[in-house]
file data19.tsv (TSV, C-alpha atoms)
chain	number	residue	atom	x	y	z
A	978	MET	CA	-9.99	-7.77	16.40
A	979	ASP	CA	-7.55	-8.87	13.68
A	980	GLN	CA	-7.93	-5.52	11.94
A	981	GLN	CA	-7.14	-3.67	15.18
A	982	LYS	CA	-4.14	-5.91	15.86
A	983	ILE	CA	-2.78	-5.30	12.35
A	984	ALA	CA	-3.22	-1.53	12.76
A	985	GLU	CA	-1.37	-1.63	16.11
A	986	GLU	CA	1.47	-3.69	14.61
A	987	LYS	CA	1.84	-1.21	11.76
A	988	LYS	CA	1.82	1.69	14.22
A	989	GLU	CA	4.54	-0.02	16.26
A	990	ALA	CA	6.59	-0.77	13.15
A	991	LEU	CA	6.57	2.88	12.11
A	992	LYS	CA	7.33	4.21	15.59
A	993	THR	CA	10.91	5.07	16.24
A	994	ASN	CA	12.87	2.74	18.47
A	995	VAL	CA	13.96	5.79	20.52
A	996	PRO	CA	17.49	5.93	19.16
A	997	THR	CA	20.35	7.03	21.39
A	998	ASP	CA	21.47	9.43	18.67
A	999	ALA	CA	18.97	12.24	18.07
A	1000	SER	CA	20.28	12.74	14.53
A	1001	ALA	CA	18.46	9.61	13.27
A	1002	LYS	CA	16.10	10.42	10.41
A	1003	TRP	CA	13.85	8.54	7.99
A	1004	TYR	CA	15.28	7.88	4.53
A	1005	VAL	CA	13.71	6.26	1.51
A	1006	ILE	CA	15.61	3.58	-0.37
A	1007	HIS	CA	14.75	2.44	-3.86
A	1008	ILE	CA	14.75	-1.29	-4.50
A	1009	GLN	CA	13.74	-3.72	-7.20
A	1010	THR	CA	9.93	-3.86	-7.25
A	1011	GLY	CA	8.60	-7.14	-5.90
A	1012	TYR	CA	11.63	-7.75	-3.68
A	1013	GLU	CA	10.59	-5.47	-0.80
A	1014	GLN	CA	10.25	-8.24	1.81
A	1015	ARG	CA	13.43	-10.00	0.74
A	1016	VAL	CA	15.46	-6.75	0.85
A	1017	LYS	CA	13.97	-5.82	4.26
A	1018	GLN	CA	15.00	-9.19	5.72
A	1019	ALA	CA	18.46	-9.01	4.15
A	1020	LEU	CA	19.01	-5.48	5.47
A	1021	GLU	CA	17.83	-6.39	8.99
A	1022	GLN	CA	20.16	-9.42	8.94
A	1023	ARG	CA	23.12	-7.27	7.80
A	1024	VAL	CA	22.42	-4.66	10.50
A	1025	LYS	CA	22.71	-7.39	13.15
A	1026	SER	CA	25.69	-9.21	11.65
A	1027	LEU	CA	27.67	-6.01	11.01
A	1028	GLY	CA	26.80	-4.58	14.43
A	1029	VAL	CA	25.28	-1.28	13.30
A	1030	GLU	CA	22.11	-1.47	15.43
A	1031	ASP	CA	23.17	1.88	16.94
A	1032	LYS	CA	23.02	3.52	13.47
A	1033	ILE	CA	20.13	1.74	11.67
A	1034	PHE	CA	17.04	1.45	13.85
A	1035	ASN	CA	14.03	0.56	11.76
A	1036	VAL	CA	13.23	-0.86	8.31
A	1037	VAL	CA	9.61	-0.50	7.18
A	1038	ILE	CA	7.63	-1.50	4.10
A	1039	PRO	CA	4.51	0.71	4.17
A	1040	THR	CA	1.50	-1.56	3.51
A	1041	ARG	CA	-2.25	-1.44	4.02
A	1042	GLU	CA	-5.13	-3.91	3.99
A	1043	ILE	CA	-7.41	-3.80	0.97
A	1044	VAL	CA	-10.31	-5.87	-0.34
A	1045	VAL	CA	-9.77	-7.23	-3.84
A	1046	VAL	CA	-12.51	-8.59	-6.08
A	1047	LYS	CA	-11.16	-11.66	-7.88
A	1048	LYS	CA	-13.23	-14.19	-9.80
A	1049	GLY	CA	-16.43	-12.86	-8.27
A	1050	LYS	CA	-15.21	-13.10	-4.66
A	1051	LYS	CA	-13.99	-10.49	-2.21
A	1052	THR	CA	-10.68	-11.35	-0.60
A	1053	LYS	CA	-8.44	-9.39	1.74
A	1054	ALA	CA	-4.96	-8.60	0.56
A	1055	THR	CA	-1.99	-6.53	1.64
A	1056	GLU	CA	-1.04	-3.74	-0.74
A	1057	LYS	CA	2.34	-2.05	-0.78
A	1058	VAL	CA	1.72	1.69	-0.53
A	1059	PHE	CA	4.97	2.51	-2.38
A	1060	PRO	CA	6.05	-0.49	-4.46
A	1061	GLY	CA	9.80	-0.44	-4.98
A	1062	TYR	CA	10.52	1.67	-1.88
A	1063	ILE	CA	11.37	0.97	1.77
A	1064	LEU	CA	11.65	3.44	4.66
A	1065	VAL	CA	14.74	3.25	6.87
A	1066	LYS	CA	15.22	5.11	10.18
A	1067	MET	CA	18.94	5.64	10.56
A	1068	VAL	CA	21.80	7.92	11.47
A	1069	LEU	CA	23.46	8.65	8.14
A	1070	ASN	CA	27.22	8.24	8.10
A	1071	ASP	CA	29.65	6.43	5.81
A	1072	ASP	CA	29.24	3.08	7.60
A	1073	SER	CA	25.44	3.05	7.73
A	1074	TRP	CA	25.21	4.36	4.17
A	1075	LEU	CA	27.49	1.55	2.97
A	1076	VAL	CA	25.53	-1.15	4.85
A	1077	VAL	CA	22.26	-0.07	3.23
A	1078	ARG	CA	23.69	0.74	-0.20
A	1079	THR	CA	25.48	-2.62	-0.57
A	1080	THR	CA	22.49	-4.73	0.52
A	1081	GLU	CA	21.43	-6.99	-2.33
A	1082	GLY	CA	18.39	-5.57	-4.14
A	1083	VAL	CA	18.95	-1.95	-3.08
A	1084	THR	CA	19.38	0.30	-6.11
A	1085	GLY	CA	19.98	3.50	-4.15
A	1086	PHE	CA	18.73	6.17	-1.80
A	1087	VAL	CA	16.09	8.67	-2.85
A	1088	GLY	CA	17.62	12.14	-2.74
A	1089	ALA	CA	19.15	15.01	-4.62
A	1090	GLY	CA	22.29	14.03	-6.47
A	1091	LEU	CA	24.49	11.51	-4.69
A	1092	LYS	CA	23.48	12.59	-1.19
A	1093	PRO	CA	20.47	10.84	0.40
A	1094	THR	CA	17.75	13.25	1.53
A	1095	ALA	CA	15.84	12.57	4.74
A	1096	ILE	CA	12.06	12.81	4.60
A	1097	SER	CA	10.36	15.14	7.05
A	1098	GLU	CA	8.47	14.02	10.15
A	1099	LYS	CA	5.37	15.52	8.50
A	1100	GLU	CA	5.78	13.13	5.56
A	1101	VAL	CA	6.36	10.17	7.90
A	1102	ASP	CA	3.19	11.12	9.85
A	1103	ALA	CA	1.20	11.34	6.59
A	1104	ILE	CA	2.42	7.89	5.53
A	1105	MET	CA	1.56	6.48	8.98
A	1106	LYS	CA	-1.98	7.90	8.81
A	1107	PHE	CA	-2.49	6.52	5.32
A	1108	VAL	CA	-1.21	3.06	6.30
A	1109	GLU	CA	-3.38	2.97	9.44
A	1110	GLN	CA	-6.66	3.72	7.68
A	1111	GLU	CA	-9.16	1.33	9.24
A	1112	GLN	CA	-11.53	1.06	6.29
A	1113	PRO	CA	-10.29	-1.50	3.80
A	1114	LYS	CA	-10.13	-0.25	0.23
A	1115	PHE	CA	-11.70	-2.14	-2.64
A	1116	LYS	CA	-9.51	-2.67	-5.65
A	1117	THR	CA	-11.23	-3.16	-8.98
A	1118	LYS	CA	-10.45	-3.10	-12.65
A	1119	PHE	CA	-13.54	-1.15	-13.76
A	1120	SER	CA	-13.29	2.27	-15.37
A	1121	VAL	CA	-15.87	4.97	-16.06
A	1122	GLY	CA	-17.51	4.57	-19.49
A	1123	GLU	CA	-16.74	0.86	-19.68
A	1124	ALA	CA	-19.42	-1.59	-20.87
A	1125	VAL	CA	-20.39	-4.22	-18.28
A	1126	LYS	CA	-22.85	-7.07	-17.88
A	1127	ILE	CA	-24.91	-7.40	-14.70
A	1128	THR	CA	-24.53	-10.90	-13.28
A	1129	GLU	CA	-26.75	-10.75	-10.16
A	1130	GLY	CA	-29.93	-9.15	-8.90
A	1131	PRO	CA	-33.12	-7.99	-10.63
A	1132	PHE	CA	-31.17	-6.72	-13.67
A	1133	THR	CA	-29.26	-9.97	-14.32
A	1134	ASP	CA	-28.04	-10.25	-17.94
A	1135	PHE	CA	-28.70	-6.55	-18.62
A	1136	LEU	CA	-25.87	-4.63	-20.25
A	1137	GLY	CA	-24.84	-1.21	-19.05
A	1138	THR	CA	-22.15	1.43	-18.90
A	1139	VAL	CA	-20.16	2.31	-15.78
A	1140	GLU	CA	-21.08	5.86	-14.74
A	1141	ALA	CA	-19.27	6.09	-11.39
A	1142	ILE	CA	-17.09	3.94	-9.11
A	1143	ASP	CA	-17.09	4.11	-5.31
A	1144	GLU	CA	-14.03	2.14	-4.20
A	1145	GLN	CA	-14.62	3.06	-0.54
A	1146	ARG	CA	-17.90	1.14	-0.49
A	1147	GLY	CA	-17.17	-1.40	-3.22
A	1148	LYS	CA	-20.03	-0.09	-5.36
A	1149	VAL	CA	-20.37	0.83	-9.00
A	1150	LYS	CA	-23.11	2.95	-10.59
A	1151	VAL	CA	-24.17	1.47	-13.92
A	1152	LEU	CA	-26.39	3.14	-16.52
A	1153	VAL	CA	-28.86	0.46	-17.64
A	1154	SER	CA	-31.17	0.93	-20.62
A	1155	ILE	CA	-34.70	0.29	-19.33
A	1156	PHE	CA	-37.71	1.26	-21.47
A	1157	ASP	CA	-35.36	3.06	-23.86
A	1158	ARG	CA	-34.08	5.25	-21.04
A	1159	GLU	CA	-30.71	5.24	-19.30
A	1160	THR	CA	-31.40	4.50	-15.63
A	1161	PRO	CA	-28.59	4.61	-13.02
A	1162	VAL	CA	-28.42	1.47	-10.87
A	1163	GLU	CA	-26.02	1.10	-7.93
A	1164	LEU	CA	-24.50	-2.37	-7.72
A	1165	ASP	CA	-21.83	-4.20	-5.78
A	1166	PHE	CA	-18.56	-4.97	-7.59
A	1167	LEU	CA	-19.54	-8.65	-7.40
A	1168	GLN	CA	-22.75	-8.03	-9.35
A	1169	VAL	CA	-21.08	-6.89	-12.58
A	1170	GLN	CA	-18.43	-8.16	-14.93
A	1171	LYS	CA	-16.55	-6.71	-17.86
A	1172	LEU	CA	-17.74	-7.55	-21.35

call {"tool": "encode", "arguments": {"input": "data19.tsv", "output": "structure tokens"}}
result
Amino acid sequence: MDQQKIAEEKKEALKTNVPTDASAKWYVIHIQTGYEQRVKQALEQRVKSLGVEDKIFNVVIPTREIVVVKKGKKTKATEKVFPGYILVKMVLNDDSWLVVRTTEGVTGFVGAGLKPTAISEKEVDAIMKFVEQEQPKFKTKFSVGEAVKITEGPFTDFLGTVEAIDEQRGKVKVLVSIFDRETPVELDFLQVQKL
């Protein structure tokens, strides 16, 4: 139920707040990486205090739920889809541009030259679909060809080489030397560790 609630909240956050001005478009602003949440809050606060709610409608940090393997345990985490970038739905004019541009942490708009370029509805839809993916993604530090040690299961303490990684399922295929032959064994991320 939590997963569904999160997906609905994200969908709502990316929906337009039906602006009164049909010329409102989505723009991408570049910010200092790691300050996305702080900049979003500062911008939302400035929109209210400067009274430009009729020009700037929505500020979104595209994120998704992932499963991270840390210290042998799977934990859920939120991953920023585009670190260092925030989406803003706004009517672009001198006032709204200045409000966004002068917000602390904003380094500029993404666009050609000095003029911000709106992203297309098709791009916004693609981002929304990516963010709403139900299946959590596993994040791991393994790479193909890397030597690993099996820590669990019937092949505990065997050494092997990573042949393939399936981040969707959280599985890794390891080539283990058994009877002087390389045998592929599919294991969970938690069952192997780097050497």

call {"tool": "closest_residue", "arguments": {"input": "data19.tsv", "among": "A:Thr1128, A:Val1045, A:Ala1095, A:Ile1063", "to": "A:Lys1002", "atoms": "only C-alpha atoms"}}
result
A:Ala1095

call {"tool": "atom_distance", "arguments": {"input": "data19.tsv", "atom1": "atom CA of A:Arg1015", "atom2": "atom CA of A:Lys1099"}}
result
27.9 Å

call {"tool": "atom_distance", "arguments": {"input": "data19.tsv", "atom1": "atom CA of A:Leu1164", "atom2": "atom CA of A:Lys1057"}}
result
27.7 Å

call {"tool": "residues_around", "arguments": {"input": "data19.tsv", "residues": "A:Pro1039", "least_positions_apart": "2", "cutoff": "7 Å", "atoms": "all atoms listed in the file", "output": "PyMOL selection string"}}
result
chain A and resi 1037+1057-1059+1108

call {"tool": "atom_distance", "arguments": {"input": "data19.tsv", "atom1": "atom CA of A:Glu1081", "atom2": "atom CA of A:Tyr1012"}}
result
9.9 Å

call {"tool": "residues_around", "arguments": {"input": "data19.tsv", "residues": "A:Val1029", "least_positions_apart": "3", "cutoff": "12 Å", "atoms": "all atoms listed in the file", "output": "PyMOL selection string"}}
result
chain A and resi 1020-1026+1032-1035+1067-1077

call {"tool": "build_atoms", "arguments": {"input": "data19.tsv", "residues": "stretch 1075-1095 of chain A", "atoms": "N, CA, C and O atoms", "output": "JSON list (two decimals), in the frame of the given file"}}
result
[["chain", "number", "residue", "atom", "x", "y", "z"],
["A", 1075, "LEU", "N", 26.91, 2.69, 3.68],
["A", 1075, "LEU", "CA", 27.49, 1.55, 2.97],
["A", 1075, "LEU", "C", 26.71, 0.26, 3.24],
["A", 1075, "LEU", "O", 26.47, -0.53, 2.32],
["A", 1076, "VAL", "N", 26.30, 0.05, 4.49],
["A", 1076, "VAL", "CA", 25.53, -1.15, 4.85],
["A", 1076, "VAL", "C", 24.24, -1.21, 4.03],
["A", 1076, "VAL", "O", 23.91, -2.23, 3.44],
["A", 1077, "VAL", "N", 23.52, -0.10, 3.97],
["A", 1077, "VAL", "CA", 22.26, -0.07, 3.23],
["A", 1077, "VAL", "C", 22.51, -0.17, 1.74],
["A", 1077, "VAL", "O", 21.90, -0.97, 1.03],
["A", 1078, "ARG", "N", 23.44, 0.64, 1.24],
["A", 1078, "ARG", "CA", 23.69, 0.74, -0.20],
["A", 1078, "ARG", "C", 24.17, -0.57, -0.79],
["A", 1078, "ARG", "O", 23.87, -0.89, -1.95],
["A", 1079, "THR", "N", 24.93, -1.37, -0.03],
["A", 1079, "THR", "CA", 25.48, -2.62, -0.57],
["A", 1079, "THR", "C", 24.60, -3.84, -0.27],
["A", 1079, "THR", "O", 25.01, -4.96, -0.53],
["A", 1080, "THR", "N", 23.42, -3.62, 0.29],
["A", 1080, "THR", "CA", 22.49, -4.73, 0.52],
["A", 1080, "THR", "C", 21.93, -5.17, -0.83],
["A", 1080, "THR", "O", 21.53, -4.33, -1.65],
["A", 1081, "GLU", "N", 21.91, -6.48, -1.06],
["A", 1081, "GLU", "CA", 21.43, -6.99, -2.33],
["A", 1081, "GLU", "C", 19.98, -6.56, -2.59],
["A", 1081, "GLU", "O", 19.12, -6.69, -1.73],
["A", 1082, "GLY", "N", 19.73, -6.02, -3.77],
["A", 1082, "GLY", "CA", 18.39, -5.57, -4.14],
["A", 1082, "GLY", "C", 18.19, -4.07, -4.02],
["A", 1082, "GLY", "O", 17.28, -3.51, -4.60],
["A", 1083, "VAL", "N", 19.06, -3.40, -3.24],
["A", 1083, "VAL", "CA", 18.95, -1.95, -3.08],
["A", 1083, "VAL", "C", 19.59, -1.28, -4.29],
["A", 1083, "VAL", "O", 20.73, -1.57, -4.63],
["A", 1084, "THR", "N", 18.82, -0.39, -4.94],
["A", 1084, "THR", "CA", 19.38, 0.30, -6.11],
["A", 1084, "THR", "C", 19.85, 1.71, -5.76],
["A", 1084, "THR", "O", 20.54, 2.33, -6.54],
["A", 1085, "GLY", "N", 19.49, 2.19, -4.58],
["A", 1085, "GLY", "CA", 19.98, 3.50, -4.15],
["A", 1085, "GLY", "C", 19.05, 4.20, -3.19],
["A", 1085, "GLY", "O", 17.95, 3.73, -2.90],
["A", 1086, "PHE", "N", 19.53, 5.31, -2.67],
["A", 1086, "PHE", "CA", 18.73, 6.17, -1.80],
["A", 1086, "PHE", "C", 17.96, 7.16, -2.66],
["A", 1086, "PHE", "O", 18.44, 7.56, -3.73],
["A", 1087, "VAL", "N", 16.82, 7.60, -2.18],
["A", 1087, "VAL", "CA", 16.09, 8.67, -2.85],
["A", 1087, "VAL", "C", 16.64, 9.97, -2.31],
["A", 1087, "VAL", "O", 16.72, 10.16, -1.09],
["A", 1088, "GLY", "N", 17.06, 10.86, -3.19],
["A", 1088, "GLY", "CA", 17.62, 12.14, -2.74],
["A", 1088, "GLY", "C", 18.14, 12.93, -3.91],
["A", 1088, "GLY", "O", 18.14, 12.47, -5.06],
["A", 1089, "ALA", "N", 18.60, 14.12, -3.60],
["A", 1089, "ALA", "CA", 19.15, 15.01, -4.62],
["A", 1089, "ALA", "C", 20.60, 14.65, -4.88],
["A", 1089, "ALA", "O", 21.41, 14.61, -3.96],
["A", 1090, "GLY", "N", 20.91, 14.37, -6.12],
["A", 1090, "GLY", "CA", 22.29, 14.03, -6.47],
["A", 1090, "GLY", "C", 22.73, 12.73, -5.83],
["A", 1090, "GLY", "O", 22.00, 11.76, -5.77],
["A", 1091, "LEU", "N", 23.95, 12.71, -5.32],
["A", 1091, "LEU", "CA", 24.49, 11.51, -4.69],
["A", 1091, "LEU", "C", 24.17, 11.43, -3.21],
["A", 1091, "LEU", "O", 24.36, 10.40, -2.58],
["A", 1092, "LYS", "N", 23.72, 12.54, -2.63],
["A", 1092, "LYS", "CA", 23.48, 12.59, -1.19],
["A", 1092, "LYS", "C", 22.03, 12.21, -0.86],
["A", 1092, "LYS", "O", 21.10, 12.82, -1.38],
["A", 1093, "PRO", "N", 21.83, 11.20, 0.00],
["A", 1093, "PRO", "CA", 20.47, 10.84, 0.40],
["A", 1093, "PRO", "C", 19.79, 12.01, 1.12],
["A", 1093, "PRO", "O", 20.43, 12.74, 1.88],
["A", 1094, "THR", "N", 18.51, 12.19, 0.88],
["A", 1094, "THR", "CA", 17.75, 13.25, 1.53],
["A", 1094, "THR", "C", 16.76, 12.64, 2.49],
["A", 1094, "THR", "O", 15.97, 11.77, 2.09],
["A", 1095, "ALA", "N", 16.78, 13.08, 3.73],
["A", 1095, "ALA", "CA", 15.84, 12.57, 4.74],
["A", 1095, "ALA", "C", 14.45, 13.11, 4.42],
["A", 1095, "ALA", "O", 14.30, 14.21, 3.90]]
